[in-house]
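work_32.txt (compact mmCIF, C-alpha atoms) appears below.
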```txt
# COMPACT_ATOMS: atom_id res chain seq x y z
CA MET A 1 0.00 0.00 0.00
CA GLY A 2 1.45 3.37 -1.00
CA ASP A 3 2.17 6.21 1.43
CA ILE A 4 -0.63 8.36 0.11
CA GLU A 5 -3.15 5.60 0.75
CA ILE A 6 -1.99 5.26 4.37
CA ASP A 7 -2.26 9.04 4.83
CA ASP A 8 -5.76 9.01 3.35
CA ILE A 9 -6.93 6.30 5.71
CA GLU A 10 -5.40 8.05 8.72
CA PHE A 11 -7.02 11.31 7.58
CA ALA A 12 -10.45 9.65 7.56
CA ARG A 13 -9.87 8.10 10.97
CA GLN A 14 -8.76 11.45 12.43
CA MET A 15 -11.92 13.07 11.10
CA LEU A 16 -13.94 10.28 12.67
CA ARG A 17 -12.33 10.86 16.07
CA VAL A 18 -12.89 14.63 15.84
CA LYS A 19 -16.51 14.05 14.95
CA GLU A 20 -17.05 11.60 17.80
CA ASN A 21 -15.47 14.04 20.29
CA LYS A 22 -18.40 16.41 19.67
CA TYR A 23 -20.62 14.14 21.73
CA GLU A 24 -20.60 13.37 25.44
CA GLU A 25 -22.79 10.98 27.28
CA ASN A 26 -25.09 12.80 29.65
CA LYS A 27 -25.63 9.97 32.12
CA SER A 28 -28.17 11.82 34.25
CA ARG A 29 -30.55 12.27 31.29
CA GLY A 30 -29.69 8.99 29.54
CA MET A 31 -29.10 10.61 26.17
CA LYS A 32 -26.28 12.05 24.04
CA GLN A 33 -25.96 15.80 24.23
CA VAL A 34 -24.04 17.94 21.82
CA VAL A 35 -21.23 19.65 23.71
CA ASN A 36 -19.19 22.53 22.32
CA LYS A 37 -15.55 21.66 22.01
CA SER A 38 -12.54 23.86 21.55
CA HIS A 39 -11.54 21.89 18.49
CA LYS A 40 -13.50 23.16 15.53
CA ILE A 41 -14.22 20.99 12.51
CA SER A 42 -14.98 23.80 10.13
CA THR A 43 -12.08 22.54 8.00
CA LEU A 44 -14.31 19.71 6.81
CA SER A 45 -16.62 22.05 4.95
CA ASN A 46 -13.70 24.00 3.53
CA ILE A 47 -12.23 21.05 1.59
CA PRO A 48 -13.13 21.42 -2.11
CA ASP A 49 -15.38 18.59 -3.31
CA GLY A 50 -12.93 17.47 -6.00
CA ILE A 51 -10.02 17.15 -3.58
CA LEU A 52 -12.18 15.38 -1.00
CA PHE A 53 -13.40 12.93 -3.64
CA ASN A 54 -9.85 12.17 -4.77
CA ILE A 55 -8.80 11.50 -1.16
CA LEU A 56 -11.74 9.30 -0.23
CA VAL A 57 -11.73 7.28 -3.44
CA LYS A 58 -8.25 5.90 -2.62
CA ILE A 59 -9.29 4.50 0.74
CA PRO A 60 -9.84 0.70 0.78
CA PRO A 61 -13.55 -0.27 0.74
CA LYS A 62 -13.43 -2.01 4.11
CA ASP A 63 -12.14 1.20 5.75
CA ILE A 64 -14.74 3.30 3.98
CA HIS A 65 -17.50 1.05 5.30
CA LYS A 66 -16.02 0.88 8.81
CA TYR A 67 -14.79 4.45 9.30
CA VAL A 68 -15.62 6.97 6.56
CA MET A 69 -19.38 6.41 6.50
CA ARG A 70 -19.48 7.37 10.19
CA VAL A 71 -17.64 10.67 9.87
CA CYS A 72 -20.54 12.82 8.71
CA LYS A 73 -23.67 12.75 6.57
CA SER A 74 -22.06 14.50 3.60
CA TRP A 75 -19.21 11.96 3.49
CA LYS A 76 -21.68 9.09 3.66
CA GLU A 77 -23.58 10.56 0.73
CA ILE A 78 -20.38 10.88 -1.31
CA VAL A 79 -19.20 7.30 -0.76
CA SER A 80 -22.71 5.92 -1.42
CA GLU A 81 -22.91 7.35 -4.95
CA SER A 82 -22.65 4.84 -7.80
CA PHE A 83 -19.87 6.77 -9.56
CA PHE A 84 -17.78 6.86 -6.37
CA ILE A 85 -18.27 3.10 -5.81
CA GLU A 86 -17.12 2.36 -9.36
CA GLN A 87 -14.05 4.59 -9.10
CA ASN A 88 -13.16 3.23 -5.67
CA PHE A 89 -13.34 -0.32 -7.03
CA MET A 90 -10.90 0.63 -9.78
CA GLU A 91 -8.50 1.95 -7.13
CA SER A 92 -8.88 -1.19 -5.01
CA LYS A 93 -5.89 -3.54 -5.10
CA THR A 94 -6.19 -7.10 -6.39
CA GLU A 95 -5.49 -9.85 -3.90
CA LEU A 96 -5.62 -13.63 -4.03
CA VAL A 97 -8.09 -15.59 -1.93
CA ILE A 98 -6.26 -18.81 -1.10
CA GLN A 99 -7.82 -21.79 0.64
CA SER A 100 -6.69 -25.09 2.12
CA GLY A 101 -8.52 -27.88 3.91
CA LEU A 102 -12.01 -29.25 3.43
CA GLY A 103 -15.59 -28.39 4.38
CA TRP A 104 -16.44 -25.49 6.68
CA ARG A 105 -13.04 -25.87 8.33
CA MET A 106 -11.28 -24.55 5.26
CA LYS A 107 -8.52 -22.10 6.08
CA THR A 108 -8.89 -18.92 4.04
CA LYS A 109 -6.62 -15.92 3.63
CA LEU A 110 -6.20 -12.90 1.38
CA ILE A 111 -2.69 -12.57 -0.07
CA GLU A 112 -1.00 -9.60 -1.73
CA ILE A 113 2.34 -10.19 -3.50
CA GLY A 114 4.73 -7.24 -3.35
CA GLU A 115 7.48 -6.07 -5.69
CA GLU A 116 10.12 -8.06 -3.81
CA PHE A 117 7.99 -11.21 -3.66
CA GLU A 118 6.97 -10.45 -0.09
CA CYS A 119 3.55 -11.91 0.68
CA GLU A 120 1.28 -9.86 2.91
CA SER A 121 -1.64 -11.88 4.23
CA ARG A 122 -4.76 -10.90 6.10
CA GLU A 123 -7.91 -12.60 7.28
CA VAL A 124 -11.05 -12.31 5.19
CA GLY A 125 -12.90 -11.12 8.27
CA LEU A 126 -15.73 -13.64 8.08
CA SER A 127 -16.23 -16.84 10.07
CA LYS A 128 -17.13 -20.30 8.75
CA LEU A 129 -15.96 -19.85 5.19
CA CYS A 130 -16.48 -22.82 2.88
CA LYS A 131 -15.28 -23.47 -0.65
CA ILE A 132 -15.12 -20.20 -2.61
CA HIS A 133 -16.07 -20.53 -6.29
CA SER A 134 -15.57 -17.04 -7.68
CA SER A 135 -15.27 -13.30 -7.11
CA CYS A 136 -17.18 -10.49 -8.84
CA ASP A 137 -17.29 -6.76 -8.01
CA GLY A 138 -16.17 -7.35 -4.42
CA PHE A 139 -18.57 -10.24 -3.82
CA LEU A 140 -17.52 -13.83 -3.17
CA LEU A 141 -19.62 -16.82 -4.19
CA MET A 142 -19.18 -19.81 -1.90
CA ARG A 143 -20.86 -22.95 -0.65
CA GLU A 144 -23.16 -22.21 2.27
CA PRO A 145 -21.47 -23.34 5.53
CA GLY A 146 -24.54 -25.15 6.83
CA ASN A 147 -24.07 -28.06 4.39
CA ASN A 148 -27.62 -27.52 3.15
CA GLY A 149 -26.74 -27.72 -0.53
CA MET A 150 -27.01 -23.98 -1.16
CA LEU A 151 -24.73 -21.23 -2.40
CA GLN A 152 -24.04 -17.98 -0.61
CA ILE A 153 -22.95 -14.50 -1.76
CA ILE A 154 -20.87 -12.48 0.69
CA ASN A 155 -19.07 -9.14 0.62
CA PRO A 156 -16.07 -9.18 2.99
CA ALA A 157 -15.84 -5.37 3.03
CA THR A 158 -19.48 -4.60 3.90
CA LYS A 159 -20.38 -7.93 5.58
CA PHE A 160 -23.31 -8.34 3.16
CA CYS A 161 -24.59 -11.93 2.99
CA LEU A 162 -27.24 -13.56 0.80
CA THR A 163 -28.09 -17.27 0.65
CA ILE A 164 -29.30 -18.60 -2.70
CA GLN A 165 -32.12 -21.12 -2.77
CA ARG A 166 -31.33 -24.73 -3.58
CA CYS A 167 -30.77 -25.40 -7.28
CA PRO A 168 -32.98 -27.85 -9.28
CA SER A 169 -30.09 -30.27 -9.87
CA HIS A 170 -29.85 -30.78 -6.07
CA CYS A 171 -26.11 -30.31 -6.22
CA LYS A 172 -24.28 -30.19 -2.87
CA HIS A 173 -21.76 -27.75 -4.39
CA LYS A 174 -18.75 -29.75 -3.25
CA ALA A 175 -17.46 -30.73 -6.70
CA CYS A 176 -19.17 -28.51 -9.25
CA SER A 177 -18.60 -25.35 -11.27
CA ALA A 178 -20.18 -22.06 -10.21
CA ALA A 179 -19.59 -18.35 -10.70
CA LEU A 180 -21.16 -15.03 -9.80
CA ALA A 181 -21.44 -12.80 -12.86
CA PHE A 182 -22.85 -9.40 -13.84
CA ASP A 183 -25.21 -8.66 -16.72
CA SER A 184 -24.11 -5.22 -17.92
CA SER A 185 -27.26 -4.76 -20.04
CA THR A 186 -29.74 -5.23 -17.17
CA LYS A 187 -27.38 -4.26 -14.33
CA GLN A 188 -28.24 -7.51 -12.55
CA TYR A 189 -26.09 -10.16 -10.87
CA LYS A 190 -26.45 -13.81 -11.85
CA VAL A 191 -25.16 -17.14 -10.56
CA VAL A 192 -24.13 -19.62 -13.26
CA HIS A 193 -23.85 -23.24 -12.15
CA VAL A 194 -23.10 -26.61 -13.75
CA VAL A 195 -22.54 -30.02 -12.20
CA THR A 196 -23.07 -32.12 -15.36
CA ASP A 197 -23.54 -30.66 -18.83
CA SER A 198 -26.01 -33.44 -19.74
CA TYR A 199 -28.39 -31.86 -17.22
CA GLY A 200 -27.62 -28.40 -18.56
CA PHE A 201 -26.43 -25.18 -17.01
CA GLU A 202 -28.45 -23.41 -14.33
CA ILE A 203 -28.73 -19.63 -13.98
CA PHE A 204 -30.13 -17.74 -11.00
CA ASN A 205 -30.93 -14.04 -11.34
CA VAL A 206 -30.02 -12.63 -7.93
CA SER A 207 -31.55 -9.22 -8.65
CA SER A 208 -35.03 -10.47 -9.55
CA ALA A 209 -38.06 -9.55 -7.49
CA ASP A 210 -38.76 -11.96 -4.62
CA ASP A 211 -41.74 -13.55 -6.38
CA GLU A 212 -39.60 -14.21 -9.48
CA LEU A 213 -36.58 -15.76 -7.75
CA GLN A 214 -35.97 -19.11 -9.37
CA TRP A 215 -33.33 -21.08 -11.24
CA GLU A 216 -33.54 -21.30 -15.03
CA ARG A 217 -32.09 -24.11 -17.07
CA VAL A 218 -29.94 -23.43 -20.13
CA SER A 219 -29.19 -26.22 -22.57
CA SER A 220 -25.75 -27.80 -22.86
CA PRO A 221 -23.09 -26.09 -25.04
CA TRP A 222 -23.27 -29.12 -27.36
CA GLU A 223 -26.42 -29.90 -29.31
CA ASP A 224 -25.14 -33.46 -29.74
CA LEU A 225 -23.62 -34.73 -26.50
CA ASN A 226 -21.45 -37.07 -28.54
CA ASP A 227 -19.52 -34.00 -29.70
CA ARG A 228 -18.13 -33.38 -26.23
CA PRO A 229 -14.31 -33.49 -26.26
CA PHE A 230 -14.09 -35.17 -22.85
CA ASN A 231 -15.06 -38.44 -21.23
CA PRO A 232 -18.22 -37.54 -19.22
CA VAL A 233 -17.51 -40.30 -16.70
CA LYS A 234 -14.05 -38.99 -15.79
CA PHE A 235 -14.38 -35.28 -16.50
CA HIS A 236 -15.29 -32.84 -13.70
CA TRP A 237 -16.29 -29.27 -14.40
CA LYS A 238 -14.05 -26.73 -12.69
CA ASN A 239 -14.91 -23.17 -11.80
CA PRO A 240 -14.76 -20.94 -14.90
CA VAL A 241 -12.23 -18.20 -15.46
CA SER A 242 -14.13 -14.96 -14.96
CA ILE A 243 -13.16 -11.84 -16.89
CA ASN A 244 -14.51 -8.91 -14.87
CA GLY A 245 -17.60 -11.02 -14.12
CA ARG A 246 -18.90 -10.32 -17.65
CA ILE A 247 -17.43 -13.24 -19.60
CA LEU A 248 -16.93 -16.80 -18.32
CA HIS A 249 -14.56 -19.39 -19.81
CA TRP A 250 -14.54 -23.14 -19.06
CA TYR A 251 -11.74 -25.61 -19.74
CA VAL A 252 -13.30 -28.69 -21.40
CA ASP A 253 -10.26 -30.94 -21.94
CA SER A 254 -10.03 -30.01 -25.62
CA ALA A 255 -6.84 -29.51 -27.62
CA GLU A 256 -8.67 -27.06 -29.91
CA TYR A 257 -11.10 -24.89 -27.94
CA PHE A 258 -12.77 -24.01 -24.63
CA ILE A 259 -16.35 -22.98 -23.87
CA THR A 260 -17.29 -19.31 -23.39
CA MET A 261 -20.43 -17.59 -22.11
CA GLN A 262 -21.17 -13.89 -22.47
CA VAL A 263 -23.31 -13.32 -19.41
CA LYS A 264 -25.67 -10.75 -20.88
CA GLU A 265 -26.58 -13.09 -23.74
CA GLU A 266 -26.61 -16.34 -21.74
CA LYS A 267 -25.34 -18.17 -24.81
CA PHE A 268 -22.38 -20.48 -25.26
CA SER A 269 -19.73 -20.38 -27.94
CA ARG A 270 -16.43 -22.02 -28.70
CA THR A 271 -13.27 -19.97 -28.32
CA TYR A 272 -10.39 -21.55 -30.20
CA LEU A 273 -6.85 -21.69 -28.89
CA PRO A 274 -4.11 -19.65 -30.64
CA GLU A 275 -3.56 -20.95 -34.19
CA ARG A 276 0.19 -20.44 -34.00
CA VAL A 277 0.51 -22.80 -31.06
CA LYS A 278 2.06 -26.09 -32.07
CA GLU A 279 0.34 -29.37 -31.33
CA ILE A 280 -1.23 -29.21 -27.88
CA ASN A 281 -1.34 -32.22 -25.64
CA LYS A 282 -4.52 -31.71 -23.67
CA THR A 283 -3.33 -34.12 -21.00
CA ASN A 284 -0.58 -31.61 -20.23
CA ASN A 285 -3.23 -29.46 -18.54
CA TYR A 286 -2.63 -26.15 -20.26
CA ALA A 287 -4.06 -23.33 -18.20
CA LEU A 288 -6.65 -20.61 -18.63
CA VAL A 289 -6.19 -17.79 -16.12
CA GLU A 290 -7.13 -14.14 -15.80
CA LEU A 291 -4.23 -11.69 -16.11
CA ASP A 292 -4.89 -7.98 -15.58
CA GLY A 293 -8.45 -8.17 -16.90
CA PHE A 294 -7.66 -10.39 -19.92
CA LEU A 295 -7.94 -14.11 -20.53
CA SER A 296 -4.57 -15.82 -20.71
CA PHE A 297 -3.69 -19.20 -22.26
CA ILE A 298 -0.50 -20.68 -20.78
CA ASN A 299 1.14 -23.81 -22.16
CA CYS A 300 4.51 -25.57 -22.23
CA ASP A 301 6.37 -26.29 -25.46
CA SER A 302 8.89 -28.42 -23.63
CA GLU A 303 10.39 -29.05 -20.21
CA LYS A 304 12.22 -25.74 -20.49
CA THR A 305 9.82 -23.35 -22.23
CA MET A 306 6.47 -21.88 -21.21
CA ASN A 307 4.38 -19.48 -23.32
CA VAL A 308 1.88 -16.92 -22.10
CA TRP A 309 -0.78 -15.85 -24.62
CA ILE A 310 -3.31 -13.05 -24.08
CA LEU A 311 -6.73 -12.83 -25.73
CA GLU A 312 -6.39 -9.10 -26.40
CA ASP A 313 -9.51 -8.83 -28.59
CA PHE A 314 -12.30 -11.15 -27.48
CA ARG A 315 -14.80 -10.34 -30.25
CA ARG A 316 -12.31 -10.88 -33.06
CA LYS A 317 -10.57 -13.72 -31.17
CA VAL A 318 -7.13 -12.15 -31.53
CA TRP A 319 -4.37 -13.81 -29.48
CA PHE A 320 -1.05 -12.17 -28.64
CA LYS A 321 2.02 -13.94 -27.24
CA LYS A 322 3.03 -11.74 -24.31
CA HIS A 323 5.75 -13.81 -22.66
CA THR A 324 8.05 -16.71 -23.43
CA ILE A 325 9.50 -18.10 -20.22
CA VAL A 326 12.80 -19.96 -20.70
CA ALA A 327 14.27 -22.12 -17.94
CA GLU A 328 17.89 -21.18 -18.72
CA LEU A 329 17.05 -17.47 -18.34
CA THR A 330 15.14 -17.91 -15.09
CA ASN A 331 16.76 -16.97 -11.80
CA TYR A 332 15.53 -19.55 -9.30
CA ILE A 333 15.77 -18.52 -5.66
CA CYS A 334 15.76 -21.43 -3.25
CA PRO A 335 14.68 -20.81 0.34
CA TYR A 336 17.60 -20.68 2.75
CA LYS A 337 18.32 -24.16 4.11
CA SER A 338 15.05 -25.50 2.77
CA SER A 339 14.23 -28.94 4.14
CA ARG A 340 12.01 -29.79 1.18
CA GLN A 341 13.77 -31.68 -1.58
CA ASP A 342 11.33 -30.41 -4.19
CA GLU A 343 12.25 -26.77 -3.40
CA ARG A 344 16.01 -27.06 -3.67
CA ARG A 345 16.11 -26.83 -7.43
CA MET A 346 13.87 -25.32 -10.08
CA PRO A 347 11.09 -27.66 -11.20
CA ARG A 348 10.73 -28.73 -14.80
CA PHE A 349 8.27 -26.51 -16.59
CA TRP A 350 6.49 -29.56 -17.95
CA ASN A 351 5.35 -30.36 -14.39
CA LEU A 352 3.95 -26.88 -13.73
CA VAL A 353 0.51 -25.51 -14.44
CA ALA A 354 -0.58 -21.89 -13.95
CA VAL A 355 -3.37 -21.46 -11.41
CA ALA A 356 -3.60 -17.67 -11.08
CA GLY A 357 -2.04 -14.30 -11.78
CA ALA A 358 -1.15 -11.47 -9.42
CA ARG A 359 0.19 -7.91 -9.33
CA ASN A 360 -1.67 -6.74 -12.45
CA GLY A 361 -0.63 -9.79 -14.45
CA GLU A 362 3.09 -9.40 -13.82
CA VAL A 363 3.28 -12.44 -11.53
CA LEU A 364 2.25 -16.03 -12.30
CA ILE A 365 1.26 -18.52 -9.61
CA LEU A 366 2.38 -21.99 -10.73
CA GLU A 367 1.46 -25.31 -9.13
CA HIS A 368 3.42 -28.57 -9.42
CA LYS A 369 1.08 -31.23 -10.79
CA LYS A 370 2.65 -34.09 -8.84
CA ASN A 371 3.45 -32.78 -5.37
CA SER A 372 1.19 -29.68 -5.22
CA SER A 373 4.10 -27.34 -4.45
CA VAL A 374 3.39 -23.74 -5.44
CA PHE A 375 5.84 -21.31 -7.07
CA ILE A 376 5.84 -17.61 -7.98
CA TYR A 377 7.30 -16.33 -11.25
CA ASP A 378 7.90 -12.64 -11.94
CA THR A 379 7.67 -11.91 -15.69
CA LYS A 380 9.64 -8.64 -15.31
CA SER A 381 12.62 -9.82 -13.29
CA LYS A 382 12.46 -13.44 -14.54
CA VAL A 383 12.76 -14.65 -10.97
CA MET A 384 11.09 -17.80 -9.62
CA LYS A 385 10.81 -18.91 -6.00
CA PRO A 386 8.60 -21.18 -3.89
CA PHE A 387 5.41 -19.62 -2.60
CA SER A 388 5.25 -19.47 1.18
CA SER A 389 1.85 -19.09 2.83
CA ASN A 390 2.06 -21.26 5.99
CA MET A 391 -0.90 -23.20 4.63
CA ARG A 392 -0.64 -26.83 3.61
CA LYS A 393 -1.87 -28.14 0.27
CA LEU A 394 -3.57 -25.08 -1.20
CA GLU A 395 -6.85 -25.98 -2.88
CA SER A 396 -7.81 -22.79 -4.71
CA PHE A 397 -6.60 -19.37 -5.84
CA VAL A 398 -9.30 -16.80 -6.59
CA PRO A 399 -8.36 -13.23 -7.69
CA HIS A 400 -10.41 -10.76 -5.65
CA LYS A 401 -10.88 -7.02 -5.21
CA ASP A 402 -12.83 -5.50 -2.33
CA GLY A 403 -15.75 -3.32 -3.35
CA LEU A 404 -18.76 -1.39 -2.06
CA PHE A 405 -21.23 -2.56 -4.70
CA ARG A 406 -24.74 -3.48 -3.61
CA ILE A 407 -27.13 -6.09 -4.95
CA MET A 408 -30.40 -4.32 -5.61
CA LYS A 409 -33.57 -6.35 -6.00
CA ARG A 410 -36.05 -5.32 -8.65
CA ILE A 411 -39.48 -4.34 -7.34
CA ALA A 412 -42.26 -6.48 -8.80
```

Could you quickly redo this structure as structure tokens?
Amino acid sequence: MGDIEIDDIEFARQMLRVKENKYEENKSRGMKQVVNKSHKISTLSNIPDGILFNILVKIPPKDIHKYVMRVCKSWKEIVSESFFIEQNFMESKTELVIQSGLGWRMKTKLIEIGEEFECESREVGLSKLCKIHSSCDGFLLMREPGNNGMLQIINPATKFCLTIQRCPSHCKHKACSAALAFDSSTKQYKVVHVVTDSYGFEIFNVSSADDELQWERVSSPWEDLNDRPFNPVKFHWKNPVSINGRILHWYVDSAEYFITMQVKEEKFSRTYLPERVKEINKTNNYALVELDGFLSFINCDSEKTMNVWILEDFRRKVWFKKHTIVAELTNYICPYKSSRQDERRMPRFWNLVAVAGARNGEVLILEHKKNSSVFIYDTKSKVMKPFSSNMRKLESFVPHKDGLFRIMKRIA
């Protein structure tokens, strides 16, 4: 976090303390009485609106909700405006939600990777967190902790919580694919869920009026189920890669394409892999991850080379090779006196698969397919080192940004 952001937060907290000092408890009358203080707060009204906006918009959403909204009515009105919420979300830093363990006992943390590979972690701030499927506009979609076969939407910054009714497929949401998405045309949030494509995809419009809340079934991406590129007995749908919550991409074990849904249209299409990529072995588990707001396709040409492609133009399906990672040019930093044999030397690229991106797409999070070790690679410095989180066997990595967005229900 930059110095100016720390100053902004402290400024808001100081204003909160000044404001609270205006009140004293009059115990004899059992009510709060306004008491004149020597410290004046006239400076609040003297701050130009533009400067005040630029200060407040840089404050993290959780601090705005906890501190800034309590300073005064005018500040609360500013931070509640839609334009402010959108700008504040753009200023919010991207972190990784990492999880380990099973069931409601899953250990969950938010991780930020710094310029020197330092990992700052913090608690999500919510109890009884279960498997998290996706993040969208500051909301997290997860399995409801009560083991009742329902999904739940939470906002860690505002403590908002909404439980979604049980889906028609009666899925327990322990081994399925689900994502929270946003329909930019209707300004409504939707949950997209699939457990088996033969049953079809299920969509729940979170913003519908209460009497219209229900799941809708959408047919499978394949008209003929025999056209599926995977073995339906062995294949398990994983959570899609979400691009700003507006476009969802699913890996379908194909050496040619993956499945895409534009949320506002609720229709599926095939997005083909880069044409210039040589023969792809789908069993090598090439990766689809989000990097700085774009879809990225990451594959290995050999044990010593890894390529990072970016889908820079989704509508025209234009791919661009952004990075070529070469083992011989990589500076591997081994932890001092590491006791783990698998960390003492750089792993073969063939055994690595990308699971997430961080720091605006500059950093790749790579997982070893055999021993589940996790590594960090910096595309700028070409440095790789083991990822240290003090959590055993990490199960998921979900990019997340805190936000102040609200889910508004439509009035019937």

Notebook entry, point to check: Which value, in Å to one decimal, gives the distance between atom CA of A:Ser198 and atom CA of A:Leu225?
Noted result: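 Spanning atom CA of A:Ser198 to atom CA of A:Leu225 is a straight-line distance of 7.3 Å.
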
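Among the candidates A:Ala178, A:Thr196, A:Trp350, A:Leu110, the residue lying nearest to A:Val233 is A:Thr196 (atoms considered: only C-alpha atoms).
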
Margin query: Would you compute the distance between atom CA of A:Ser185 and atom CA of A:Ser92? Give it in Å to one decimal.
Written below: 24.0 Å

Give me, as JSON lines, each residue of stretch 129-218 of chain A that comes within 12 Å of stretch 391-410 of chain A, together with its shortest interatomic pair and the distance in Å at one decimal, counting all atoms listed in the file, with rows ordered by chain and rising residue number.
```
{"residue": "A:Cys130", "atom": "CA", "partner": "A:Ser396", "partner_atom": "CA", "distance": 11.5}
{"residue": "A:Lys131", "atom": "CA", "partner": "A:Ser396", "partner_atom": "CA", "distance": 8.5}
{"residue": "A:Ile132", "atom": "CA", "partner": "A:Val398", "partner_atom": "CA", "distance": 7.8}
{"residue": "A:His133", "atom": "CA", "partner": "A:Val398", "partner_atom": "CA", "distance": 7.7}
{"residue": "A:Ser134", "atom": "CA", "partner": "A:Val398", "partner_atom": "CA", "distance": 6.4}
{"residue": "A:Ser135", "atom": "CA", "partner": "A:His400", "partner_atom": "CA", "distance": 5.7}
{"residue": "A:Cys136", "atom": "CA", "partner": "A:His400", "partner_atom": "CA", "distance": 7.5}
{"residue": "A:Asp137", "atom": "CA", "partner": "A:Gly403", "partner_atom": "CA", "distance": 6.0}
{"residue": "A:Gly138", "atom": "CA", "partner": "A:Gly403", "partner_atom": "CA", "distance": 4.2}
{"residue": "A:Phe139", "atom": "CA", "partner": "A:Gly403", "partner_atom": "CA", "distance": 7.5}
{"residue": "A:Leu140", "atom": "CA", "partner": "A:His400", "partner_atom": "CA", "distance": 8.1}
{"residue": "A:Leu141", "atom": "CA", "partner": "A:Val398", "partner_atom": "CA", "distance": 10.6}
{"residue": "A:Met142", "atom": "CA", "partner": "A:Val398", "partner_atom": "CA", "distance": 11.3}
{"residue": "A:Ile153", "atom": "CA", "partner": "A:Ile407", "partner_atom": "CA", "distance": 9.9}
{"residue": "A:Ile154", "atom": "CA", "partner": "A:Ile407", "partner_atom": "CA", "distance": 10.6}
{"residue": "A:Asn155", "atom": "CA", "partner": "A:Gly403", "partner_atom": "CA", "distance": 7.8}
{"residue": "A:Pro156", "atom": "CA", "partner": "A:Asp402", "partner_atom": "CA", "distance": 7.2}
{"residue": "A:Ala157", "atom": "CA", "partner": "A:Asp402", "partner_atom": "CA", "distance": 6.1}
{"residue": "A:Thr158", "atom": "CA", "partner": "A:Leu404", "partner_atom": "CA", "distance": 6.8}
{"residue": "A:Lys159", "atom": "CA", "partner": "A:Leu404", "partner_atom": "CA", "distance": 10.2}
{"residue": "A:Phe160", "atom": "CA", "partner": "A:Arg406", "partner_atom": "CA", "distance": 8.5}
{"residue": "A:Cys161", "atom": "CA", "partner": "A:Ile407", "partner_atom": "CA", "distance": 10.2}
{"residue": "A:Leu162", "atom": "CA", "partner": "A:Ile407", "partner_atom": "CA", "distance": 9.4}
{"residue": "A:Ala179", "atom": "CA", "partner": "A:Val398", "partner_atom": "CA", "distance": 11.2}
{"residue": "A:Leu180", "atom": "CA", "partner": "A:Ile407", "partner_atom": "CA", "distance": 11.8}
{"residue": "A:Ala181", "atom": "CA", "partner": "A:Ile407", "partner_atom": "CA", "distance": 11.8}
{"residue": "A:Phe182", "atom": "CA", "partner": "A:Ile407", "partner_atom": "CA", "distance": 10.4}
{"residue": "A:Thr186", "atom": "CA", "partner": "A:Arg410", "partner_atom": "CA", "distance": 10.6}
{"residue": "A:Lys187", "atom": "CA", "partner": "A:Met408", "partner_atom": "CA", "distance": 9.2}
{"residue": "A:Gln188", "atom": "CA", "partner": "A:Ile407", "partner_atom": "CA", "distance": 7.8}
{"residue": "A:Tyr189", "atom": "CA", "partner": "A:Ile407", "partner_atom": "CA", "distance": 7.3}
{"residue": "A:Lys190", "atom": "CA", "partner": "A:Ile407", "partner_atom": "CA", "distance": 10.4}
{"residue": "A:Asn205", "atom": "CA", "partner": "A:Lys409", "partner_atom": "CA", "distance": 9.7}
{"residue": "A:Val206", "atom": "CA", "partner": "A:Lys409", "partner_atom": "CA", "distance": 7.5}
{"residue": "A:Ser207", "atom": "CA", "partner": "A:Lys409", "partner_atom": "CA", "distance": 4.4}
{"residue": "A:Ser208", "atom": "CA", "partner": "A:Arg410", "partner_atom": "CA", "distance": 5.3}
{"residue": "A:Ala209", "atom": "CA", "partner": "A:Arg410", "partner_atom": "CA", "distance": 4.8}
{"residue": "A:Asp210", "atom": "CA", "partner": "A:Lys409", "partner_atom": "CA", "distance": 7.8}
{"residue": "A:Asp211", "atom": "CA", "partner": "A:Arg410", "partner_atom": "CA", "distance": 10.3}
{"residue": "A:Glu212", "atom": "CA", "partner": "A:Arg410", "partner_atom": "CA", "distance": 9.6}
{"residue": "A:Leu213", "atom": "CA", "partner": "A:Lys409", "partner_atom": "CA", "distance": 10.0}
```

Near A:Gln87, within 12 Å and counting only C-alpha atoms, which residues show up once chain neighbours fewer than 2 positions away are dropped, as a CSV table (one decimal) with C-alpha atoms, in the coordinates of the input?
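As a result, around_20.csv now contains:
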```csv
chain,number,residue,atom,x,y,z
A,53,PHE,CA,-13.4,12.9,-3.6
A,54,ASN,CA,-9.8,12.2,-4.8
A,55,ILE,CA,-8.8,11.5,-1.2
A,56,LEU,CA,-11.7,9.3,-0.2
A,57,VAL,CA,-11.7,7.3,-3.4
A,58,LYS,CA,-8.2,5.9,-2.6
A,59,ILE,CA,-9.3,4.5,0.7
A,60,PRO,CA,-9.8,0.7,0.8
A,61,PRO,CA,-13.6,-0.3,0.7
A,78,ILE,CA,-20.4,10.9,-1.3
A,79,VAL,CA,-19.2,7.3,-0.8
A,80,SER,CA,-22.7,5.9,-1.4
A,81,GLU,CA,-22.9,7.4,-5.0
A,82,SER,CA,-22.6,4.8,-7.8
A,83,PHE,CA,-19.9,6.8,-9.6
A,84,PHE,CA,-17.8,6.9,-6.4
A,85,ILE,CA,-18.3,3.1,-5.8
A,89,PHE,CA,-13.3,-0.3,-7.0
A,90,MET,CA,-10.9,0.6,-9.8
A,91,GLU,CA,-8.5,2.0,-7.1
A,92,SER,CA,-8.9,-1.2,-5.0
A,137,ASP,CA,-17.3,-6.8,-8.0
A,403,GLY,CA,-15.8,-3.3,-3.4
A,404,LEU,CA,-18.8,-1.4,-2.1
A,405,PHE,CA,-21.2,-2.6,-4.7
```

Margin query: I'd like to know which of A:Leu151, A:Val124, A:Ala175, A:Val97 is closest to A:Gly357, using only C-alpha atoms.
Written below: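 Of A:Leu151, A:Val124, A:Ala175, A:Val97, the one nearest A:Gly357, counting only C-alpha atoms, is A:Val97.
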